[in-house]
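Asker: Quick one: the structure is below, questions incoming.
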Amino acid sequence: MALTLWLFWTYSFLGYLLEKAFAWLTRSPQQVRKCFLLLPLCPVYGLGVLAVLALPPELRRGFWNLAVWGGLAATAVEYGVHWAYERLFGVRFWDYHALRGNLRGRVCVPFSIAWGLLLAVALPGLQQILVPLLSGIPAWVSYLMLLLFTADGVISARILDVTRDIDQLRLLPAA
């Protein structure tokens with residue numbers, strides 16, 4: 001169970017870094033976080049990878065299987081998380097309405113293809129590196145991280161429930 005939590009947190013952190021790199025590379029005017037938590041974690045990425053890892057092994061075997069089925073699983077998670085954010089807190093952390101092939105602005109074909117290809121390229125190698133590293137983390141560290149993560153989730157949910165404004169999740173004011 002602890003390994004699953006660490007995989008979730010690690011991929012959520014890597015997703016946060018991916019978001020920052022993408023915003024920087026595209027010179028996005030919106031360099032702000034697109035995440036639910038105050039911590040540098042984007043849970044949609046962690047949940048997406050866990051969904052892919054939960055697929056039957058035969059659907060994850062081979063580049064194209066992982067690209068197609070992994071991309072579909074990650075897209076389903078992205079849609080569900082977006083829907084939950086809207087329903088629970090009345091907020092949108094991302095909006096694909098301007099892109100072709102979008103479904104209610106929650107997901108879109110170009111990013112679904114990108115997620116699938118990224119998973120097929122990176123996931124097998126990352127798993128080989130991460131699983132042995134994360135398996136060695138002492139239980140007490142996992143409990144501390146779980147407490148921190150839970151506190152962050154409760155605080156973030158409260159902020160969104162009261163303000164309905166994702167900008168309130170920034171630790172520093174906008175420049």
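Each chain in the structure tokens gets a letter, A, B, ..., in the order shown, and its residues are numbered from 1; ligands are numbered from 1 in order too.
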Quick one: residues within 12 Å of Gly62 of chain A, only C-alpha atoms, excluding same-chain residues fewer than 6 positions away - as number ranges by chain?

Answerer: A: 68-70, 117, 119-121, 123-124

Asker: Find the spatial neighbours of Leu3 of chain A, counting only C-alpha atoms, within a cut-off of 8 Å - ignore same-chain residues fewer than 2 positions away - and output them as JSON, numbers by chain.

Answerer: {"A": [1, 5, 6, 7, 131, 134, 135]}

Asker: Extract, using only C-alpha atoms, all DNA, RNA and protein residues at most 8 Å from Tyr96 of chain A, discarding same-chain residues fewer than 5 positions from it, and format them as number ranges by chain.

Answerer: A: 102, 104-108

Asker: What does the file look like for those residues with C-alpha atoms, as a JSON list (two decimals), in the first residue's frame?

Answerer:
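File written: out_36.json
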```
[["chain", "number", "residue", "atom", "x", "y", "z"],
["A", 102, "ASN", "CA", -12.51, 18.24, -27.04],
["A", 104, "ARG", "CA", -16.88, 19.43, -22.81],
["A", 105, "GLY", "CA", -13.48, 21.09, -22.46],
["A", 106, "ARG", "CA", -12.41, 18.37, -20.02],
["A", 107, "VAL", "CA", -10.34, 16.24, -22.39],
["A", 108, "CYS", "CA", -9.22, 16.50, -26.00]]
```

Asker: Given only C-alpha atoms as the basis, pick out the residue of A:Trp94, A:Phe89, A:Phe111, A:Phe63 nearest to Cys42 of chain A.

Answerer: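 Nearest candidate to Cys42 of chain A out of A:Trp94, A:Phe89, A:Phe111, A:Phe63: A:Trp94.
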
Asker: To one decimal place in Å, what is the distance between atom CA of Leu14 of chain A and atom CA of Leu126 of chain A?

Answerer: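 Interatomic distance here is 10.8 Å.
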
Asker: Got a sec to tell me which of chain A DSSP assigns to helix (DSSP H, G or I), as a PyMOL selection string?

Answerer: chain A and resi 2-25+43-53+57-60+63-89+109-135+139-163+166-169

Asker: Take the residues from that selection and put them in a file with C-alpha atoms, as a short mmCIF file (atom, residue, chain, number, x, y, z; two decimals), in the first residue's frame.

Answerer:
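This is the output file again-v9.cif:
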```cif
data_model
loop_
_atom_site.label_atom_id
_atom_site.label_comp_id
_atom_site.auth_asym_id
_atom_site.auth_seq_id
_atom_site.Cartn_x
_atom_site.Cartn_y
_atom_site.Cartn_z
CA ALA A 2 2.81 2.42 0.86
CA LEU A 3 4.40 1.80 -2.55
CA THR A 4 1.13 2.76 -4.27
CA LEU A 5 0.97 6.00 -2.29
CA TRP A 6 4.58 6.83 -3.14
CA LEU A 7 3.96 6.11 -6.81
CA PHE A 8 0.93 8.40 -6.68
CA TRP A 9 2.90 11.19 -4.99
CA THR A 10 5.92 10.77 -7.27
CA TYR A 11 3.90 10.84 -10.49
CA SER A 12 1.85 13.75 -9.12
CA PHE A 13 5.11 15.63 -8.54
CA LEU A 14 6.46 14.70 -11.98
CA GLY A 15 3.15 15.91 -13.45
CA TYR A 16 3.58 19.21 -11.63
CA LEU A 17 7.07 19.55 -13.14
CA LEU A 18 5.68 18.64 -16.57
CA GLU A 19 3.03 21.36 -16.24
CA LYS A 20 5.66 23.94 -15.29
CA ALA A 21 7.96 22.88 -18.16
CA PHE A 22 5.09 22.95 -20.67
CA ALA A 23 4.02 26.44 -19.54
CA TRP A 24 7.60 27.67 -19.80
CA LEU A 25 8.25 26.06 -23.20
CA PRO A 43 -3.02 14.56 -8.39
CA VAL A 44 -4.56 14.00 -11.82
CA TYR A 45 -1.18 12.73 -13.04
CA GLY A 46 -0.72 10.40 -10.07
CA LEU A 47 -4.23 9.02 -10.45
CA GLY A 48 -3.77 8.67 -14.21
CA VAL A 49 -0.61 6.61 -13.84
CA LEU A 50 -2.18 4.45 -11.13
CA ALA A 51 -5.09 3.77 -13.50
CA VAL A 52 -2.62 2.72 -16.20
CA LEU A 53 -0.74 0.47 -13.76
CA PRO A 57 -0.70 -6.71 -17.94
CA GLU A 58 -1.56 -7.70 -21.52
CA LEU A 59 -2.94 -4.19 -22.15
CA ARG A 60 0.33 -2.66 -20.91
CA PHE A 63 4.69 0.24 -26.91
CA TRP A 64 1.43 0.57 -28.86
CA ASN A 65 -0.69 -1.27 -26.30
CA LEU A 66 0.60 1.03 -23.59
CA ALA A 67 0.17 4.10 -25.79
CA VAL A 68 -3.44 3.26 -26.71
CA TRP A 69 -4.77 1.70 -23.51
CA GLY A 70 -2.65 3.89 -21.24
CA GLY A 71 -3.76 7.00 -23.12
CA LEU A 72 -7.41 5.96 -22.82
CA ALA A 73 -7.06 5.20 -19.10
CA ALA A 74 -5.28 8.50 -18.41
CA THR A 75 -7.89 10.39 -20.45
CA ALA A 76 -10.73 8.73 -18.52
CA VAL A 77 -9.11 9.78 -15.25
CA GLU A 78 -8.56 13.32 -16.56
CA TYR A 79 -12.23 13.56 -17.52
CA GLY A 80 -13.38 12.19 -14.14
CA VAL A 81 -11.12 14.47 -12.12
CA HIS A 82 -12.20 17.52 -14.11
CA TRP A 83 -15.85 16.57 -13.63
CA ALA A 84 -15.29 16.13 -9.86
CA TYR A 85 -13.56 19.51 -9.54
CA GLU A 86 -16.50 21.16 -11.31
CA ARG A 87 -19.17 19.37 -9.29
CA LEU A 88 -17.53 19.58 -5.87
CA PHE A 89 -15.93 23.01 -6.03
CA VAL A 109 -7.77 14.24 -28.67
CA PRO A 110 -4.38 15.99 -29.02
CA PHE A 111 -3.58 15.71 -25.33
CA SER A 112 -4.97 12.18 -25.12
CA ILE A 113 -2.54 11.16 -27.86
CA ALA A 114 0.26 13.01 -26.06
CA TRP A 115 -0.51 11.24 -22.75
CA GLY A 116 -0.53 7.86 -24.47
CA LEU A 117 2.79 8.43 -26.22
CA LEU A 118 4.39 9.89 -23.10
CA LEU A 119 3.27 6.89 -21.08
CA ALA A 120 4.57 4.42 -23.67
CA VAL A 121 7.95 6.16 -23.84
CA ALA A 122 8.52 6.94 -20.16
CA LEU A 123 6.51 4.64 -17.90
CA PRO A 124 8.39 1.34 -18.30
CA GLY A 125 11.77 2.95 -17.60
CA LEU A 126 10.48 5.10 -14.75
CA GLN A 127 8.85 2.11 -13.09
CA GLN A 128 12.12 0.17 -13.21
CA ILE A 129 13.86 3.04 -11.43
CA LEU A 130 11.12 4.13 -9.04
CA VAL A 131 9.79 0.86 -7.65
CA PRO A 132 13.07 -0.24 -6.01
CA LEU A 133 13.75 3.30 -4.72
CA LEU A 134 10.29 3.88 -3.33
CA SER A 135 10.00 0.40 -1.83
CA ALA A 139 7.02 3.36 7.10
CA TRP A 140 7.32 6.37 9.43
CA VAL A 141 8.24 8.60 6.46
CA SER A 142 5.19 7.34 4.59
CA TYR A 143 2.95 8.15 7.56
CA LEU A 144 4.37 11.66 7.85
CA MET A 145 3.88 12.25 4.13
CA LEU A 146 0.33 10.92 4.35
CA LEU A 147 -0.43 13.35 7.20
CA LEU A 148 1.03 16.26 5.22
CA PHE A 149 -0.82 15.24 2.06
CA THR A 150 -4.12 14.81 3.93
CA ALA A 151 -3.77 18.18 5.66
CA ASP A 152 -3.01 19.81 2.30
CA GLY A 153 -6.05 18.15 0.72
CA VAL A 154 -8.36 19.30 3.51
CA ILE A 155 -7.01 22.87 3.45
CA SER A 156 -7.12 23.06 -0.36
CA ALA A 157 -10.67 21.68 -0.46
CA ARG A 158 -11.77 24.19 2.16
CA ILE A 159 -10.19 27.09 0.28
CA LEU A 160 -11.94 26.06 -2.94
CA ASP A 161 -15.23 25.36 -1.20
CA VAL A 162 -15.27 28.86 0.32
CA THR A 163 -13.78 30.90 -2.55
CA ILE A 166 -8.26 28.39 -7.99
CA ASP A 167 -6.02 31.45 -7.75
CA GLN A 168 -6.45 31.26 -3.97
CA LEU A 169 -4.35 28.08 -3.98
#
```

Asker: Mind giving me the straight-line distance from atom CA of Ala54 of chain A to atom CA of Pro138 of chain A in Å, one decimal?

Answerer: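 Atom-to-atom, atom CA of Ala54 of chain A and atom CA of Pro138 of chain A are spaced 24.2 Å apart.
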
Asker: Could you work out how far atom CA of Leu55 of chain A lies from atom CA of Gly136 of chain A, giving the answer in Å with one decimal?

Answerer: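 Separation of atom CA of Gly136 of chain A and atom CA of Leu55 of chain A: 24.6 Å.
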
Asker: Return as a list of chain:residue names the full set of residues in chain A whose backbone-based DSSP assignment is strand (DSSP E or B).

Answerer: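 DSSP on the backbone gives strand (DSSP E or B) at A:Asn102, A:Leu103, A:Val107, A:Cys108.
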